[in-house]
$ cat structure28.tsv   # TSV, C-alpha atoms
chain	number	residue	atom	x	y	z
G	12	MET	CA	117.04	119.26	33.85
G	13	TYR	CA	115.34	122.65	34.23
G	14	GLY	CA	117.63	123.23	37.17
G	15	LEU	CA	120.65	122.63	34.97
G	16	ILE	CA	119.39	125.11	32.37
G	17	LEU	CA	118.58	127.70	35.02
G	18	TYR	CA	121.96	127.36	36.74
G	19	SER	CA	123.87	127.52	33.43
G	20	LEU	CA	121.89	130.59	32.44
G	21	ALA	CA	122.48	132.25	35.82
G	22	ILE	CA	126.21	131.47	35.76
G	23	GLY	CA	126.54	132.55	32.12
G	24	LEU	CA	124.74	135.85	32.66
G	25	THR	CA	126.72	136.53	35.84
G	26	GLY	CA	129.96	135.88	33.92
G	27	TRP	CA	128.87	138.24	31.17
G	28	SER	CA	127.85	140.83	33.75
G	29	PHE	CA	131.17	140.50	35.58
G	30	TYR	CA	133.04	140.96	32.32
G	31	ARG	CA	131.08	144.13	31.57
G	32	ASP	CA	131.05	145.69	35.03
G	33	ASN	CA	132.27	143.93	38.14
G	34	GLU	CA	130.90	146.56	40.54
G	35	LYS	CA	127.36	146.10	39.21
G	36	THR	CA	127.78	142.35	39.34
G	37	LYS	CA	128.86	142.44	42.98
G	38	ASN	CA	125.81	144.51	43.83
G	39	ALA	CA	123.57	142.16	41.85
G	40	LEU	CA	124.89	139.14	43.74
G	41	LYS	CA	124.47	140.95	47.05
G	42	VAL	CA	120.85	141.75	46.19
G	43	ALA	CA	120.36	138.10	45.19
G	44	LEU	CA	121.94	136.71	48.35
G	45	ARG	CA	120.11	139.10	50.62
G	46	SER	CA	116.69	138.38	49.09
G	47	PHE	CA	117.41	134.66	49.23
G	48	VAL	CA	118.45	134.70	52.89
G	49	LYS	CA	115.37	136.75	53.70
G	50	ILE	CA	112.92	134.35	52.05
G	51	LEU	CA	114.71	131.17	53.19
G	52	PRO	CA	112.92	130.61	56.53
G	53	THR	CA	109.53	130.99	54.84
G	54	MET	CA	110.50	128.65	52.01
G	55	LEU	CA	111.87	126.03	54.40
G	56	ALA	CA	108.63	126.16	56.37
G	57	ILE	CA	106.64	125.67	53.17
G	58	VAL	CA	108.79	122.70	52.20
G	59	GLY	CA	108.42	121.17	55.67
G	60	ILE	CA	104.65	121.63	55.75
G	61	THR	CA	104.33	120.04	52.31
G	62	GLY	CA	106.29	117.01	53.55
G	63	LEU	CA	104.15	116.67	56.66
G	64	VAL	CA	100.85	117.11	54.83
G	65	LEU	CA	101.69	114.59	52.13
G	66	ALA	CA	102.85	112.09	54.75
G	67	ILE	CA	99.72	112.43	56.86
G	68	ILE	CA	97.44	112.54	53.79
G	69	PRO	CA	98.89	109.97	51.39
G	70	PRO	CA	98.21	110.19	47.63
G	71	GLU	CA	95.95	107.09	47.81
G	72	TRP	CA	93.64	109.05	50.10
G	73	ILE	CA	93.44	111.74	47.44
G	74	SER	CA	92.43	109.27	44.74
G	75	THR	CA	89.69	107.82	46.98
G	76	TYR	CA	88.23	111.21	47.72
G	77	LEU	CA	88.51	112.52	44.16
G	78	GLY	CA	87.72	109.37	42.20
G	79	GLU	CA	84.52	108.03	40.70
G	80	GLN	CA	82.85	107.15	43.99
G	81	ALA	CA	83.34	110.70	45.31
G	82	GLY	CA	80.33	111.98	43.34
G	83	ILE	CA	79.38	115.59	43.94
G	84	TYR	CA	82.04	115.86	46.67
G	85	GLY	CA	84.75	115.12	44.10
G	86	PRO	CA	85.05	118.63	42.66
G	87	ILE	CA	84.65	120.21	46.12
G	88	SER	CA	87.40	118.20	47.75
G	89	ALA	CA	89.49	118.66	44.60
G	90	GLY	CA	89.19	122.42	44.99
G	91	LEU	CA	90.04	122.26	48.69
G	92	ILE	CA	93.05	120.01	48.26
G	93	GLY	CA	94.18	121.96	45.21
G	94	SER	CA	94.02	125.31	47.00
G	95	LEU	CA	95.69	124.13	50.17
G	96	THR	CA	98.57	122.06	48.99
G	97	LEU	CA	101.71	122.63	47.08
G	98	ILE	CA	102.15	119.31	45.35
G	99	PRO	CA	104.92	119.60	42.78
G	100	GLY	CA	103.57	119.49	39.21
G	101	LEU	CA	105.69	116.42	38.55
G	102	VAL	CA	103.69	114.50	41.16
G	103	ALA	CA	100.32	116.16	40.68
G	104	ILE	CA	99.68	115.88	36.95
G	105	PRO	CA	100.32	112.12	36.66
G	106	LEU	CA	98.13	111.70	39.74
G	107	VAL	CA	95.36	113.69	38.07
G	108	GLY	CA	95.76	111.59	34.95
G	109	THR	CA	95.34	108.42	37.00
G	110	ILE	CA	92.26	109.75	38.78
G	111	TYR	CA	90.75	110.78	35.44
G	112	ARG	CA	91.26	107.35	33.91
G	113	GLN	CA	89.81	105.79	37.04
G	114	GLY	CA	86.59	107.65	36.35
G	115	ALA	CA	86.81	110.98	38.15
G	116	SER	CA	84.63	113.64	36.52
G	117	ILE	CA	86.14	116.24	34.22
G	118	TYR	CA	85.02	118.92	36.71
G	119	THR	CA	87.16	117.29	39.37
G	120	VAL	CA	90.19	117.14	37.10
G	121	ALA	CA	89.77	120.71	35.88
G	122	ILE	CA	89.23	122.23	39.29
G	123	PHE	CA	92.11	120.26	40.77
G	124	ILE	CA	94.61	121.44	38.15
G	125	SER	CA	93.37	125.03	38.24
G	126	THR	CA	93.33	125.46	42.02
G	127	LEU	CA	96.52	123.49	42.50
G	128	THR	CA	98.41	125.83	40.22
G	129	MET	CA	96.67	129.17	40.73
G	130	VAL	CA	95.76	129.22	44.43
G	131	GLY	CA	98.41	128.73	47.07
G	132	ILE	CA	97.39	128.87	50.70
G	133	VAL	CA	100.63	127.21	51.80
G	134	THR	CA	102.77	129.63	49.79
G	135	LEU	CA	100.74	132.63	50.95
G	136	PRO	CA	103.33	133.66	53.60
G	137	ALA	CA	106.01	133.83	50.92
G	138	GLU	CA	103.71	135.80	48.65
G	139	ILE	CA	102.80	138.24	51.44
G	140	GLU	CA	106.47	138.77	52.20
G	141	GLN	CA	107.28	139.65	48.61
G	142	LEU	CA	104.10	141.31	47.37
G	143	GLY	CA	102.31	142.54	50.48
G	144	LYS	CA	99.26	141.24	52.30
G	145	LYS	CA	96.59	143.08	50.33
G	146	LEU	CA	97.83	142.14	46.87
G	147	ALA	CA	98.50	138.54	47.89
G	148	ILE	CA	95.05	138.04	49.35
G	149	TRP	CA	93.24	139.71	46.45
G	150	ARG	CA	95.26	137.71	43.96
G	151	ASN	CA	94.53	134.41	45.66
G	152	GLY	CA	90.85	135.20	46.16
G	153	LEU	CA	90.40	136.11	42.52
G	154	SER	CA	92.45	133.09	41.47
G	155	LEU	CA	90.09	130.82	43.38
G	156	ALA	CA	87.05	132.40	41.73
G	157	PHE	CA	88.59	132.15	38.27
G	158	ALA	CA	89.85	128.62	38.88
G	159	ILE	CA	86.26	127.56	39.62
G	160	LEU	CA	84.99	129.44	36.56
G	161	ILE	CA	87.62	127.83	34.31
G	162	ALA	CA	86.73	124.40	35.69
G	163	LEU	CA	83.01	124.97	35.06
G	164	ILE	CA	83.64	126.03	31.46
G	165	LEU	CA	85.96	123.09	30.86
G	166	GLY	CA	83.41	120.79	32.44
G	167	VAL	CA	80.67	122.02	30.09
G	168	ILE	CA	82.97	121.70	27.03
G	169	PHE	CA	84.20	118.21	27.82
G	170	SER	CA	81.16	116.53	29.34
B	27	MET	CA	115.80	157.39	63.12
B	28	LYS	CA	116.16	154.94	60.31
B	29	ASN	CA	115.53	157.70	57.83
B	30	SER	CA	118.61	159.57	58.93
B	31	LYS	CA	120.68	156.96	57.18
B	32	MET	CA	119.17	157.86	53.82
B	33	THR	CA	120.52	160.40	51.44
B	34	PRO	CA	118.33	163.52	51.08
B	35	LYS	CA	117.33	162.48	47.57
B	36	LYS	CA	116.03	159.15	48.72
B	37	GLN	CA	114.22	160.79	51.57
B	38	VAL	CA	112.38	163.02	49.13
B	39	GLU	CA	111.43	159.99	47.08
B	40	LYS	CA	110.11	158.19	50.13
B	41	ASN	CA	108.13	161.19	51.25
B	42	GLN	CA	106.49	161.47	47.89
B	43	GLU	CA	105.04	158.04	48.25
B	44	SER	CA	101.63	158.11	49.78
B	45	HIS	CA	101.81	154.90	51.76
B	46	ASP	CA	102.55	154.95	55.46
B	47	THR	CA	106.08	154.47	56.61
B	48	HIS	CA	105.54	152.47	59.76
B	49	VAL	CA	105.17	149.41	57.56
B	50	HIS	CA	108.70	150.00	56.32
B	51	ASN	CA	110.09	150.54	59.76
B	52	LYS	CA	108.63	147.31	60.97
B	53	HIS	CA	110.46	145.49	58.22
B	54	HIS	CA	113.66	147.41	58.75
B	55	GLY	CA	113.75	145.80	62.18
B	56	HIS	CA	114.08	142.44	60.48
B	57	SER	CA	117.42	143.24	58.96
B	58	ASN	CA	119.47	143.19	62.16
B	59	ALA	CA	120.43	139.55	62.29
B	60	GLY	CA	120.99	138.79	65.95
B	61	PRO	CA	120.69	135.22	67.22
B	62	ARG	CA	117.32	136.15	68.73
B	63	ASN	CA	116.00	137.29	65.38
B	64	ILE	CA	117.28	134.21	63.61
B	65	LEU	CA	115.48	132.08	66.17
B	66	ARG	CA	112.31	134.07	65.59
B	67	GLU	CA	112.57	133.85	61.81
B	68	TYR	CA	113.09	130.11	61.97
B	69	ARG	CA	110.48	129.38	64.65
B	70	MET	CA	108.17	127.82	62.06
B	71	VAL	CA	110.97	125.57	60.80
B	72	LEU	CA	111.72	124.48	64.37
B	73	LEU	CA	108.04	123.72	64.99
B	74	ILE	CA	107.94	121.59	61.85
B	75	ALA	CA	111.07	119.73	62.95
B	76	LEU	CA	109.40	119.04	66.30
B	77	ALA	CA	106.25	117.89	64.51
B	78	ASN	CA	108.38	115.45	62.52
B	79	VAL	CA	109.90	114.09	65.74
B	80	ALA	CA	106.40	113.68	67.18
B	81	LEU	CA	105.28	111.95	64.00
B	82	TRP	CA	108.30	109.64	64.24
B	83	LEU	CA	107.33	108.59	67.76
B	84	PHE	CA	103.83	107.90	66.53
B	85	SER	CA	104.75	106.24	63.23
B	86	PRO	CA	108.34	105.98	62.00
B	87	LEU	CA	107.06	105.04	58.55
B	88	LYS	CA	105.05	108.26	58.16
B	89	ALA	CA	107.94	110.33	59.48
B	90	GLY	CA	110.20	108.74	56.89
B	91	LEU	CA	107.64	109.57	54.21
B	92	SER	CA	107.45	113.14	55.44
B	93	LEU	CA	111.24	113.56	55.41
B	94	ASN	CA	111.41	111.98	51.96
B	95	THR	CA	108.89	114.42	50.51
B	96	THR	CA	110.51	117.31	52.35
B	97	SER	CA	113.90	116.50	50.90
B	98	SER	CA	112.58	116.05	47.36
B	99	VAL	CA	110.61	119.32	47.47
B	100	PHE	CA	113.65	120.99	49.03
B	101	LYS	CA	115.83	119.74	46.18
B	102	GLU	CA	113.32	121.07	43.65
B	103	MET	CA	113.42	124.40	45.45
B	104	LEU	CA	117.24	124.49	45.38
B	105	MET	CA	117.16	123.74	41.65
B	106	ILE	CA	115.04	126.77	40.95
B	107	LEU	CA	115.16	129.48	43.59
B	108	PRO	CA	118.87	130.47	43.77
B	109	PRO	CA	119.20	131.12	40.00
B	110	MET	CA	115.89	133.03	40.14
B	111	PHE	CA	117.35	135.37	42.74
B	112	VAL	CA	120.50	135.80	40.64
B	113	PHE	CA	118.25	136.88	37.75
B	114	VAL	CA	116.44	139.28	40.08
B	115	GLY	CA	119.78	140.78	41.17
B	116	LEU	CA	120.98	141.14	37.60
B	117	ILE	CA	117.70	142.72	36.46
B	118	ASP	CA	117.97	145.10	39.41
B	119	GLN	CA	121.43	146.25	38.35
B	120	TRP	CA	121.27	146.11	34.57
B	121	ILE	CA	117.76	146.88	33.41
B	122	PRO	CA	116.90	150.54	33.93
B	123	LYS	CA	113.47	151.54	35.17
B	124	GLU	CA	112.76	153.28	31.86
B	125	ILE	CA	112.96	150.03	29.90
B	126	ILE	CA	110.55	148.19	32.21
B	127	HIS	CA	108.31	151.23	32.22
B	128	LYS	CA	108.32	151.45	28.43
B	129	TYR	CA	107.63	147.77	27.70
B	130	VAL	CA	105.40	146.66	30.56
B	131	GLY	CA	104.56	149.93	32.34
B	132	LYS	CA	101.40	152.01	32.57
B	133	ASP	CA	101.31	153.03	28.91
B	134	SER	CA	102.50	149.77	27.40
B	135	GLY	CA	98.95	148.76	26.50
B	136	PHE	CA	97.98	145.21	25.59
B	137	LYS	CA	101.44	144.58	24.17
B	138	GLY	CA	102.82	144.95	27.69
B	139	THR	CA	100.35	142.35	28.95
B	140	LEU	CA	101.37	139.98	26.15
B	141	ILE	CA	105.04	140.44	27.04
B	142	THR	CA	104.54	139.65	30.75
B	143	MET	CA	102.29	136.69	29.93
B	144	SER	CA	104.88	135.21	27.56
B	145	LEU	CA	107.49	135.71	30.26
B	146	GLY	CA	105.24	133.86	32.69
B	147	SER	CA	104.57	130.99	30.33
B	148	LEU	CA	108.18	130.46	29.35
B	149	THR	CA	109.80	130.62	32.78
B	150	VAL	CA	109.90	127.39	34.71
B	151	GLY	CA	109.44	126.48	38.32
B	152	PRO	CA	106.63	126.65	40.82
B	153	LEU	CA	104.55	129.75	41.48
B	154	TYR	CA	106.67	130.86	44.43
B	155	ALA	CA	109.65	131.26	42.10
B	156	GLY	CA	107.65	133.99	40.37
B	157	PHE	CA	107.12	136.15	43.48
B	158	PRO	CA	110.62	137.71	43.57
B	159	ILE	CA	110.42	138.39	39.82
B	160	ALA	CA	106.99	139.98	40.27
B	161	ALA	CA	108.26	142.14	43.13
B	162	MET	CA	111.22	143.25	41.03
B	163	LEU	CA	108.94	144.14	38.10
B	164	LEU	CA	106.71	146.20	40.39
B	165	LYS	CA	109.71	147.94	41.91
B	166	LYS	CA	110.91	148.87	38.42
B	167	GLY	CA	107.58	150.40	37.45
B	168	ALA	CA	105.71	147.62	35.69
B	169	ARG	CA	101.95	147.97	35.50
B	170	LEU	CA	100.15	146.15	38.31
B	171	SER	CA	97.70	144.39	35.98
B	172	ASN	CA	100.62	143.08	33.90
B	173	VAL	CA	102.36	141.68	36.96
B	174	VAL	CA	99.19	139.93	38.12
B	175	ALA	CA	98.75	138.49	34.62
B	176	PHE	CA	102.38	137.32	34.75
B	177	LEU	CA	101.80	135.47	38.02
B	178	THR	CA	98.55	133.88	36.86
B	179	VAL	CA	100.10	132.58	33.65
B	180	LYS	CA	103.28	131.56	35.46
B	181	ALA	CA	101.15	129.55	37.87
B	182	ALA	CA	98.70	127.85	35.58
B	183	ALA	CA	100.01	127.92	32.03
B	184	GLU	CA	103.73	127.43	32.06
B	185	LEU	CA	105.05	125.36	29.22
B	186	PRO	CA	106.39	122.32	31.14
B	187	LEU	CA	103.07	121.93	32.95
B	188	LEU	CA	101.17	122.00	29.67
B	189	LEU	CA	103.42	119.37	28.13
B	190	MET	CA	102.73	117.10	31.08
B	191	GLU	CA	99.03	117.79	31.00
B	192	THR	CA	98.94	116.93	27.30
B	193	LYS	CA	100.59	113.63	28.04
B	194	PHE	CA	98.44	112.64	31.00
B	195	VAL	CA	95.06	114.26	30.38
B	196	GLY	CA	94.93	115.22	26.70
B	197	LEU	CA	95.95	117.90	24.21
B	198	GLU	CA	92.51	119.39	23.62
B	199	PHE	CA	91.90	119.77	27.35
B	200	ALA	CA	95.30	121.40	27.86
B	201	LEU	CA	94.77	123.88	25.02
B	202	TRP	CA	91.32	124.91	26.24
B	203	ARG	CA	92.61	125.37	29.75
B	204	LEU	CA	95.52	127.40	28.38
B	205	ALA	CA	93.18	129.73	26.47
B	206	LEU	CA	90.89	130.18	29.47
B	207	THR	CA	93.87	130.83	31.74
B	208	PHE	CA	95.22	133.56	29.46
B	209	ALA	CA	91.80	135.22	29.32
B	210	SER	CA	91.45	135.00	33.13
B	211	ALA	CA	94.95	136.41	33.59
B	212	VAL	CA	94.04	139.53	31.62
B	213	ILE	CA	90.71	140.01	33.41
B	214	MET	CA	92.18	139.36	36.87
B	215	GLY	CA	94.92	141.89	36.23
B	216	ARG	CA	92.35	144.54	35.36
B	217	ILE	CA	90.24	143.70	38.43
B	218	VAL	CA	93.21	143.88	40.83
B	219	GLU	CA	94.21	147.19	39.28
B	220	ALA	CA	90.71	148.62	39.67
B	221	VAL	CA	90.65	147.45	43.29
B	222	ALA	CA	94.05	148.99	43.97
B	223	GLN	CA	92.88	152.27	42.49
B	224	LYS	CA	89.94	152.37	44.84
B	225	TRP	CA	91.76	151.10	47.92
B	226	PRO	CA	95.48	151.83	47.42
B	227	LEU	CA	97.89	149.05	48.30
B	228	THR	CA	99.40	150.23	51.55
B	229	ASP	CA	101.88	147.44	52.09
B	230	ARG	CA	104.31	147.51	49.20
B	231	PRO	CA	107.36	145.41	50.16
B	232	TRP	CA	108.88	145.96	46.72
B	233	ASP	CA	109.19	149.68	47.43
B	234	ARG	CA	111.45	149.08	50.39
B	235	GLU	CA	114.70	150.42	49.04
B	236	ASP	CA	116.59	148.99	51.98
B	237	ASP	CA	118.27	146.27	49.93
B	238	LEU	CA	121.10	148.32	48.51
B	239	GLU	CA	121.28	150.69	51.46
B	240	HIS	CA	121.81	147.83	53.80
B	241	ILE	CA	124.43	146.39	51.50
B	242	SER	CA	126.36	149.64	51.43
B	243	ASP	CA	126.26	149.53	55.25
B	244	ILE	CA	128.08	146.22	55.21
B	245	SER	CA	130.73	147.00	52.67
$ encode --input "structure28.tsv" --output "structure tokens"
Amino acid sequence: MYGLILYSLAIGLTGWSFYRDNEKTKNALKVALRSFVKILPTMLAIVGITGLVLAIIPPEWISTYLGEQAGIYGPISAGLIGSLTLIPGLVAIPLVGTIYRQGASIYTVAIFISTLTMVGIVTLPAEIEQLGKKLAIWRNGLSLAFAILIALILGVIFS
Amino acid sequence: MKNSKMTPKKQVEKNQESHDTHVHNKHHGHSNAGPRNILREYRMVLLIALANVALWLFSPLKAGLSLNTTSSVFKEMLMILPPMFVFVGLIDQWIPKEIIHKYVGKDSGFKGTLITMSLGSLTVGPLYAGFPIAAMLLKKGARLSNVVAFLTVKAAAELPLLLMETKFVGLEFALWRLALTFASAVIMGRIVEAVAQKWPLTDRPWDREDDLEHISDIS
């Protein structure tokens, strides 16, 4: 659905651009293609690693280690799994909802969502390629710190 | 050697930048696409393919699971990334530096931060879809703190994610997390900027102007 909107928007804007100035449009598409080809190997690797990781560590494993019986280790493993993996939001949020209803603590839920979205160890190579090593590492480090902070605040509010 | 290809004007621009040029040259090497280079760029992909074969020998079921996830994540990526790069190309050609500078640049103030954060919240797709946009914004003169805020919000507070969170965890939780994420985005932006002022960012891939140069080589 989002894909459809994005593609329509991209095609529409390209059409408009071509109508206004075909030289600029050609250059724009060349920039687009070149950047895409450049990032493709990194993206494919990320996709492949995600597949492998989720196959070796099945979602049921996640709910065991994050659920009620996980205790104090719940939030810690939630943070680790959240930082490491790139689980698509469509899979992750319902999973979090399930864990929550099964009795996982609010800290676990909060830290899982925050680290999952803000910190990306698996996508780090792509980030380094586009934004440079220093910026990528600082951004992810700070994101981890703030993800923990956000989770702590949410935990205090909702406990 | 590589510099000889540049026009004198570009050379002056490059020289004015304080960061070291060997970083650029290293990346310039990437652009010659020989079969050797392609093999090197895709070595990780090949390794993963081999790992999948190994997994298949060990457990065909797990390998099937892995390939299933890979293909669904790949499809998601194909839904989002190519249009993103088209937007990046169009921004590159149509939006002049002055506009970016005026609205989200150094002197844009808090309004600039609000603009980038709204952009981050409204765009869809995973965090990695934001990297090329962020690089383009930086190249066009956006303020570093605003770009970091954009990425943070894009990652943790985009609209589709919040809608899902509301459905599965609860509205109050989602709203609180949203507010905290926005606050963190602003603070993190300022911290990264302060850090970059003290220790300048030496690797700045977005400043590599090789994109269009290389293209004019082809055509």
$ residues_around --input "structure28.tsv" --residues "segment 140-142 of chain G" --least-positions-apart "2" --cutoff "7 Å" --atoms "all atoms listed in the file" --output "VMD selection string"
(chain G and resid 136 to 138 144 146 to 147) or (chain B and resid 157 to 158 161 230 to 232)
$ atom_distance --input "structure28.tsv" --atom1 "atom CA of Tyr84 of chain G" --atom2 "atom CA of Val120 of chain G"
12.6 Å
$ atom_distance --input "structure28.tsv" --atom1 "atom CA of Ile217 of chain B" --atom2 "atom CA of Leu164 of chain B"
16.8 Å
$ atom_distance --input "structure28.tsv" --atom1 "atom CA of Ala209 of chain B" --atom2 "atom CA of Thr139 of chain B"
11.1 Å
$ closest_residue --input "structure28.tsv" --among "B:Gly151, B:Leu104, B:Met143, B:Gly167" --to "Pro122 of chain B" --atoms "all atoms listed in the file"
B:Gly167
$ residues_around --input "structure28.tsv" --residues "Tyr13 of chain G" --least-positions-apart "2" --cutoff "9 Å" --atoms "only C-alpha atoms" --output "list of chain:residue names"
G:Leu15, G:Ile16, G:Leu17, G:Tyr18, B:Met105, B:Ile106, B:Val150, B:Gly151
$ residues_around --input "structure28.tsv" --residues "Gly146 of chain B" --least-positions-apart "5" --cutoff "9 Å" --atoms "only C-alpha atoms" --output "PyMOL selection string"
chain B and resi 141+156+175-181+183-184
$ residues_near_point --input "structure28.tsv" --point "(104.5, 108.9, 56.7)" --cutoff "12 Å" --atoms "only C-alpha atoms" --output "list of chain:residue names"
G:Thr61, G:Gly62, G:Leu63, G:Val64, G:Leu65, G:Ala66, G:Ile67, G:Ile68, G:Pro69, G:Pro70, B:Asn78, B:Val79, B:Ala80, B:Leu81, B:Trp82, B:Leu83, B:Phe84, B:Ser85, B:Pro86, B:Leu87, B:Lys88, B:Ala89, B:Gly90, B:Leu91, B:Ser92, B:Leu93, B:Asn94, B:Thr95, B:Thr96
$ residues_around --input "structure28.tsv" --residues "Arg150 of chain G" --least-positions-apart "3" --cutoff "9 Å" --atoms "all atoms listed in the file" --output "list in words"
Val130, Lys145, Leu146, Ala147, Leu153, Ser154 and Leu155 of chain G; Val174, Thr178, Met214, Gly215 and Val218 of chain B
$ write_last_selection --input "structure28.tsv" --atoms "C-alpha atoms" --output "PDB file, in the frame of the given file"
ATOM      1  CA  VAL G 130      95.760 129.220  44.430  1.00  0.00           C
ATOM      2  CA  LYS G 145      96.590 143.080  50.330  1.00  0.00           C
ATOM      3  CA  LEU G 146      97.830 142.140  46.870  1.00  0.00           C
ATOM      4  CA  ALA G 147      98.500 138.540  47.890  1.00  0.00           C
ATOM      5  CA  LEU G 153      90.400 136.110  42.520  1.00  0.00           C
ATOM      6  CA  SER G 154      92.450 133.090  41.470  1.00  0.00           C
ATOM      7  CA  LEU G 155      90.090 130.820  43.380  1.00  0.00           C
TER       8      LEU G 155
ATOM      9  CA  VAL B 174      99.190 139.930  38.120  1.00  0.00           C
ATOM     10  CA  THR B 178      98.550 133.880  36.860  1.00  0.00           C
ATOM     11  CA  MET B 214      92.180 139.360  36.870  1.00  0.00           C
ATOM     12  CA  GLY B 215      94.920 141.890  36.230  1.00  0.00           C
ATOM     13  CA  VAL B 218      93.210 143.880  40.830  1.00  0.00           C
TER      14      VAL B 218
END
$ closest_residue --input "structure28.tsv" --among "G:Val42, G:Met12, G:Ala89, G:Ile139" --to "chain B" --atoms "all atoms listed in the file"
G:Val42
